[in-house]
>>> print(open('coords09.pdb').read())   # PDB, C-alpha atoms
ATOM      1  CA  MET W  46      89.704 104.724 118.909
ATOM      2  CA  LYS W  47      86.177 103.431 118.907
ATOM      3  CA  THR W  48      83.673 104.992 121.258
ATOM      4  CA  LEU W  49      80.168 104.163 122.386
ATOM      5  CA  TYR W  50      79.066 107.566 121.129
ATOM      6  CA  GLU W  51      79.255 106.247 117.532
ATOM      7  CA  SER W  52      76.079 104.540 116.291
ATOM      8  CA  SER W  53      78.054 102.049 114.181
ATOM      9  CA  THR W  54      80.073 101.000 117.233
ATOM     10  CA  VAL W  55      76.899 100.618 119.306
ATOM     11  CA  GLU W  56      75.394  98.340 116.645
ATOM     12  CA  GLU W  57      78.588  96.284 116.434
ATOM     13  CA  VAL W  58      78.627  95.835 120.217
ATOM     14  CA  LYS W  59      74.985  94.768 120.287
ATOM     15  CA  GLN W  60      75.549  92.263 117.462
ATOM     16  CA  ARG W  61      78.485  90.720 119.304
ATOM     17  CA  ILE W  62      76.456  90.483 122.521
ATOM     18  CA  ALA W  63      73.763  88.633 120.554
ATOM     19  CA  LEU W  64      76.322  86.061 119.369
ATOM     20  CA  LEU W  65      77.034  84.829 122.881
ATOM     21  CA  ARG W  66      75.403  81.594 124.024
ATOM     22  CA  PRO W  67      74.864  80.356 127.597
ATOM     23  CA  ASP W  68      77.256  77.455 127.024
ATOM     24  CA  THR W  69      79.965  79.479 125.258
ATOM     25  CA  LYS W  70      83.211  78.603 127.014
ATOM     26  CA  GLY W  71      85.564  81.362 128.052
ATOM     27  CA  LEU W  72      89.110  81.426 126.756
ATOM     28  CA  TRP W  73      90.206  82.894 130.086
ATOM     29  CA  GLY W  74      88.734  84.146 133.344
ATOM     30  CA  LYS W  75      86.267  82.827 135.897
ATOM     31  CA  MET W  76      82.994  84.274 134.630
ATOM     32  CA  ASN W  77      80.607  82.531 132.275
ATOM     33  CA  ALA W  78      78.987  84.492 129.436
ATOM     34  CA  PRO W  79      75.889  85.684 131.365
ATOM     35  CA  GLN W  80      78.055  86.771 134.289
ATOM     36  CA  ALA W  81      80.396  88.673 131.948
ATOM     37  CA  LEU W  82      77.443  90.549 130.454
ATOM     38  CA  ALA W  83      76.140  91.367 133.944
ATOM     39  CA  HIS W  84      79.643  92.544 134.872
ATOM     40  CA  CYS W  85      79.695  94.839 131.827
ATOM     41  CA  SER W  86      76.273  96.187 132.800
ATOM     42  CA  VAL W  87      77.508  97.132 136.260
ATOM     43  CA  ALA W  88      80.387  99.002 134.635
ATOM     44  CA  MET W  89      77.955 100.745 132.262
ATOM     45  CA  GLU W  90      75.839 101.737 135.267
ATOM     46  CA  THR W  91      78.843 103.715 136.497
ATOM     47  CA  ALA W  92      79.208 105.447 133.131
ATOM     48  CA  VAL W  93      75.567 106.553 133.051
ATOM     49  CA  GLY W  94      75.732 107.653 136.689
ATOM     50  CA  ASP W  95      73.409 105.051 138.252
ATOM     51  CA  LEU W  96      76.222 103.580 140.334
ATOM     52  CA  ARG W  97      78.835 105.717 142.061
ATOM     53  CA  PRO W  98      81.423 103.408 143.641
ATOM     54  CA  PRO W  99      84.190 104.962 145.735
ATOM     55  CA  ARG W 100      87.697 105.177 144.379
ATOM     56  CA  MET W 101      89.953 102.228 145.106
ATOM     57  CA  LEU W 102      93.064 103.024 147.130
ATOM     58  CA  ILE W 103      95.270 101.207 144.611
ATOM     59  CA  GLY W 104      93.624 103.225 141.834
ATOM     60  CA  ARG W 105      94.378 106.480 143.602
ATOM     61  CA  ILE W 106      98.028 105.451 143.633
ATOM     62  CA  LEU W 107      98.456 103.650 140.294
ATOM     63  CA  GLY W 108      95.511 104.899 138.214
ATOM     64  CA  PRO W 109      97.125 108.114 136.973
ATOM     65  CA  LEU W 110     100.366 106.262 136.220
ATOM     66  CA  VAL W 111      98.800 103.551 134.035
ATOM     67  CA  LYS W 112      95.844 105.409 132.512
ATOM     68  CA  ASN W 113      97.520 106.313 129.210
ATOM     69  CA  LYS W 114      98.881 102.789 128.730
ATOM     70  CA  ALA W 115      95.497 101.251 129.610
ATOM     71  CA  PHE W 116      93.733 103.386 127.009
ATOM     72  CA  ARG W 117      96.393 102.748 124.366
ATOM     73  CA  ASP W 118      97.039  98.998 124.771
ATOM     74  CA  PRO W 119      94.641  96.039 124.590
ATOM     75  CA  MET W 120      93.004  95.120 127.871
ATOM     76  CA  GLY W 121      94.907  92.261 129.459
ATOM     77  CA  ARG W 122      93.483  88.850 130.185
ATOM     78  CA  ASN W 123      92.620  88.151 133.808
ATOM     79  CA  ALA W 124      92.956  91.799 134.794
ATOM     80  CA  PRO W 125      91.928  92.345 138.410
ATOM     81  CA  THR W 126      88.306  93.356 138.955
ATOM     82  CA  ALA W 127      87.019  95.667 141.669
ATOM     83  CA  LYS W 128      84.702  93.854 144.073
ATOM     84  CA  VAL W 129      81.726  96.011 143.103
ATOM     85  CA  PHE W 130      82.006  94.673 139.520
ATOM     86  CA  ILE W 131      82.325  90.978 140.382
ATOM     87  CA  VAL W 132      79.320  88.873 139.394
ATOM     88  CA  SER W 133      79.471  85.323 140.736
ATOM     89  CA  ASP W 134      75.826  84.270 140.932
ATOM     90  CA  GLU W 135      74.073  82.563 138.039
ATOM     91  CA  ARG W 136      72.442  84.849 135.490
ATOM     92  CA  ASP W 137      70.216  84.457 132.452
ATOM     93  CA  LEU W 138      72.055  85.254 129.216
ATOM     94  CA  ARG W 139      69.057  86.699 127.406
ATOM     95  CA  ASN W 140      68.142  89.012 130.287
ATOM     96  CA  GLU W 141      71.739  90.142 130.756
ATOM     97  CA  GLY W 142      72.239  90.731 127.028
ATOM     98  CA  GLU W 143      69.095  92.857 126.877
ATOM     99  CA  ARG W 144      70.108  94.757 130.009
ATOM    100  CA  LEU W 145      73.558  95.535 128.639
ATOM    101  CA  SER W 146      72.182  96.524 125.230
ATOM    102  CA  ARG W 147      69.731  98.940 126.884
ATOM    103  CA  LEU W 148      72.516 100.503 128.936
ATOM    104  CA  VAL W 149      74.749 100.888 125.876
ATOM    105  CA  GLU W 150      71.878 102.509 123.959
ATOM    106  CA  ARG W 151      71.108 104.817 126.877
ATOM    107  CA  PHE W 152      74.754 105.866 127.184
ATOM    108  CA  ALA W 153      75.015 106.556 123.456
ATOM    109  CA  ALA W 154      71.686 108.404 123.266
ATOM    110  CA  GLY W 155      72.613 110.620 126.203
ATOM    111  CA  GLY W 156      75.874 111.572 124.562
ATOM    112  CA  PRO W 157      78.781 113.215 126.339
ATOM    113  CA  SER W 158      76.553 115.725 128.133
ATOM    114  CA  LYS W 159      74.737 112.935 130.041
ATOM    115  CA  CYS W 160      77.843 110.936 130.930
ATOM    116  CA  THR W 161      78.747 110.696 134.600
ATOM    117  CA  THR W 162      81.152 113.180 136.119
ATOM    118  CA  HIS W 163      81.799 110.790 139.021
ATOM    119  CA  PRO W 164      85.412 109.542 139.019
ATOM    120  CA  HIS W 165      86.214 106.131 137.587
ATOM    121  CA  ILE W 166      86.840 103.640 140.395
ATOM    122  CA  PHE W 167      90.469 103.082 139.294
ATOM    123  CA  PHE W 168      91.517 105.895 136.915
ATOM    124  CA  GLY W 169      89.815 108.793 138.673
ATOM    125  CA  HIS W 170      88.529 111.679 136.578
ATOM    126  CA  LEU W 171      87.644 110.730 133.007
ATOM    127  CA  THR W 172      86.315 113.094 130.398
ATOM    128  CA  ALA W 173      83.050 112.125 128.724
ATOM    129  CA  ASP W 174      85.048 111.148 125.636
ATOM    130  CA  GLU W 175      87.328 108.943 127.732
ATOM    131  CA  TRP W 176      84.279 107.239 129.261
ATOM    132  CA  GLY W 177      82.992 106.509 125.742
ATOM    133  CA  VAL W 178      86.289 104.955 124.708
ATOM    134  CA  TRP W 179      86.797 103.046 127.960
ATOM    135  CA  MET W 180      83.305 101.581 128.023
ATOM    136  CA  HIS W 181      83.741 100.358 124.435
ATOM    137  CA  LYS W 182      87.137  98.917 125.263
ATOM    138  CA  HIS W 183      85.743  97.106 128.312
ATOM    139  CA  ILE W 184      82.689  95.717 126.528
ATOM    140  CA  ASP W 185      84.842  94.702 123.549
ATOM    141  CA  HIS W 186      87.164  92.788 125.888
ATOM    142  CA  HIS W 187      84.504  90.450 127.235
ATOM    143  CA  PRO W 188      83.080  89.078 123.963
ATOM    144  CA  GLN W 189      86.732  88.447 123.022
ATOM    145  CA  GLN W 190      86.961  86.425 126.228
ATOM    146  CA  PHE W 191      84.364  84.092 124.671
ATOM    147  CA  GLY W 192      85.771  84.108 121.149
ATOM    148  CA  VAL W 193      83.123  86.500 119.798
TER
END
>>> encode(input="coords09.pdb", output="structure tokens")
Amino acid sequence: MKTLYESSTVEEVKQRIALLRPDTKGLWGKMNAPQALAHCSVAMETAVGDLRPPRMLIGRILGPLVKNKAFRDPMGRNAPTAKVFIVSDERDLRNEGERLSRLVERFAAGGPSKCTTHPHIFFGHLTADEWGVWMHKHIDHHPQQFGV
């Protein structure tokens, strides 16, 4: 599985982010491209430890049961999003792309030793390696949402 600890994966992610355009139409979902990038940045802020949202009740119940499947299978379209990760205001694509790229670079540069130890909002405890895989999987999902 790809991880954001690999420099080649980081470069691939940044190239795909750069391919998005403000008017790129989504194939599914409610967010536009700038909002999706902002949404990914909020998720990355959890991985680097800047944001420490509380566990969701539904995650405490279902998270451990679906974690292996979620890591193994492609992320589903229109998956529910925790309120803390919802971005509904208008955003600037260039600013959001730069913000996300900086967060991805920071995560990768810090390596596993700098990854958060705070539980994931849905899955609970993740190892640093699991955070690297999950953050790639999440960021990969959103460019796919826009055909990139």
>>> residues_around(input="coords09.pdb", residues="Ser53 (chain W)", least_positions_apart="6", cutoff="12 Å", atoms="all atoms listed in the file", output="CSV table (one decimal) with C-alpha atoms, in the frame of the given file")
chain,number,residue,atom,x,y,z
W,47,LYS,CA,86.2,103.4,118.9
W,59,LYS,CA,75.0,94.8,120.3
W,60,GLN,CA,75.5,92.3,117.5
W,150,GLU,CA,71.9,102.5,124.0
W,153,ALA,CA,75.0,106.6,123.5
W,181,HIS,CA,83.7,100.4,124.4
>>> atom_distance(input="coords09.pdb", atom1="CA of Met101 (chain W)", atom2="CA of Ala88 (chain W)")
14.5 Å
>>> residues_around(input="coords09.pdb", residues="region 74-84 of chain W", least_positions_apart="4", cutoff="10 Å", atoms="only C-alpha atoms", output="ChimeraX atom specification")
/W:62,65-70,88-90,122-124,126,129-146,184,186-188,190-191
>>> atom_distance(input="coords09.pdb", atom1="CA of Gln189 (chain W)", atom2="CA of Ala63 (chain W)")
13.2 Å
>>> resolve_selection(input="coords09.pdb", expression="the PyMOL selection byres ((chain W and resi 157-169) around 10)", output="PyMOL selection string")
chain W and resi 49-50+88+90-113+115+126-127+129+151-156+170-177
>>> atom_distance(input="coords09.pdb", atom1="CA of Asp185 (chain W)", atom2="CA of Pro119 (chain W)")
9.9 Å
>>> closest_residue(input="coords09.pdb", among="W:Val87, W:Val149, W:Val193, W:His183", to="Ser52 (chain W)", atoms="all atoms listed in the file")
W:Val149
>>> axis_aligned_box(input="coords09.pdb", around="region 122-126 of chain W", padding_each_side="6 Å", output="AutoDock Vina command-line options")
--center_x 90.9 --center_y 90.8 --center_z 134.6 --size_x 17.2 --size_y 17.2 --size_z 20.8
>>> closest_residue(input="coords09.pdb", among="W:Met46, W:Trp73, W:Leu64, W:Pro125", to="Lys182 (chain W)", atoms="all atoms listed in the file")
W:Met46
>>> build_atoms(input="coords09.pdb", residues="region 108-125 of chain W", atoms="N, CA, C and O atoms", output="compact mmCIF listing (two decimals), in the frame of the given file")
# COMPACT_ATOMS: atom_id res chain seq x y z
N GLY W 108 96.39 104.49 139.32
CA GLY W 108 95.51 104.90 138.21
C GLY W 108 96.11 105.95 137.29
O GLY W 108 96.20 105.75 136.07
N PRO W 109 96.56 107.08 137.84
CA PRO W 109 97.12 108.11 136.97
C PRO W 109 98.40 107.66 136.24
O PRO W 109 98.68 108.13 135.13
N LEU W 110 99.12 106.72 136.83
CA LEU W 110 100.37 106.26 136.22
C LEU W 110 100.13 105.32 135.04
O LEU W 110 100.94 105.27 134.12
N VAL W 111 99.03 104.55 135.08
CA VAL W 111 98.80 103.55 134.04
C VAL W 111 97.67 103.92 133.07
O VAL W 111 97.42 103.20 132.10
N LYS W 112 97.00 105.03 133.32
CA LYS W 112 95.84 105.41 132.51
C LYS W 112 96.17 105.48 131.02
O LYS W 112 95.46 104.87 130.20
N ASN W 113 97.20 106.18 130.64
CA ASN W 113 97.52 106.31 129.21
C ASN W 113 97.81 104.97 128.57
O ASN W 113 97.35 104.68 127.46
N LYS W 114 98.57 104.13 129.25
CA LYS W 114 98.88 102.79 128.73
C LYS W 114 97.61 101.95 128.61
O LYS W 114 97.40 101.25 127.63
N ALA W 115 96.74 102.03 129.62
CA ALA W 115 95.50 101.25 129.61
C ALA W 115 94.60 101.66 128.44
O ALA W 115 93.97 100.80 127.82
N PHE W 116 94.56 102.92 128.12
CA PHE W 116 93.73 103.39 127.01
C PHE W 116 94.37 103.04 125.67
O PHE W 116 93.66 102.80 124.70
N ARG W 117 95.67 102.99 125.62
CA ARG W 117 96.39 102.75 124.37
C ARG W 117 96.50 101.26 124.02
O ARG W 117 96.33 100.87 122.86
N ASP W 118 96.77 100.41 125.01
CA ASP W 118 97.04 99.00 124.77
C ASP W 118 95.78 98.15 124.93
O ASP W 118 94.82 98.57 125.58
N PRO W 119 95.78 96.94 124.36
CA PRO W 119 94.64 96.04 124.59
C PRO W 119 94.49 95.72 126.08
O PRO W 119 95.48 95.69 126.82
N MET W 120 93.26 95.49 126.49
CA MET W 120 93.00 95.12 127.87
C MET W 120 93.55 93.72 128.11
O MET W 120 93.31 92.81 127.32
N GLY W 121 94.27 93.54 129.18
CA GLY W 121 94.91 92.26 129.46
C GLY W 121 93.94 91.21 129.97
O GLY W 121 92.93 91.51 130.59
N ARG W 122 94.26 89.97 129.67
CA ARG W 122 93.48 88.85 130.18
C ARG W 122 93.67 88.76 131.69
O ARG W 122 94.75 89.03 132.20
N ASN W 123 92.60 88.35 132.36
CA ASN W 123 92.62 88.15 133.81
C ASN W 123 93.04 89.39 134.59
O ASN W 123 93.67 89.29 135.65
N ALA W 124 92.69 90.56 134.06
CA ALA W 124 92.96 91.80 134.79
C ALA W 124 92.15 91.78 136.08
O ALA W 124 91.04 91.24 136.12
N PRO W 125 92.68 92.34 137.16
CA PRO W 125 91.93 92.34 138.41
C PRO W 125 90.63 93.14 138.27
O PRO W 125 90.56 94.10 137.51
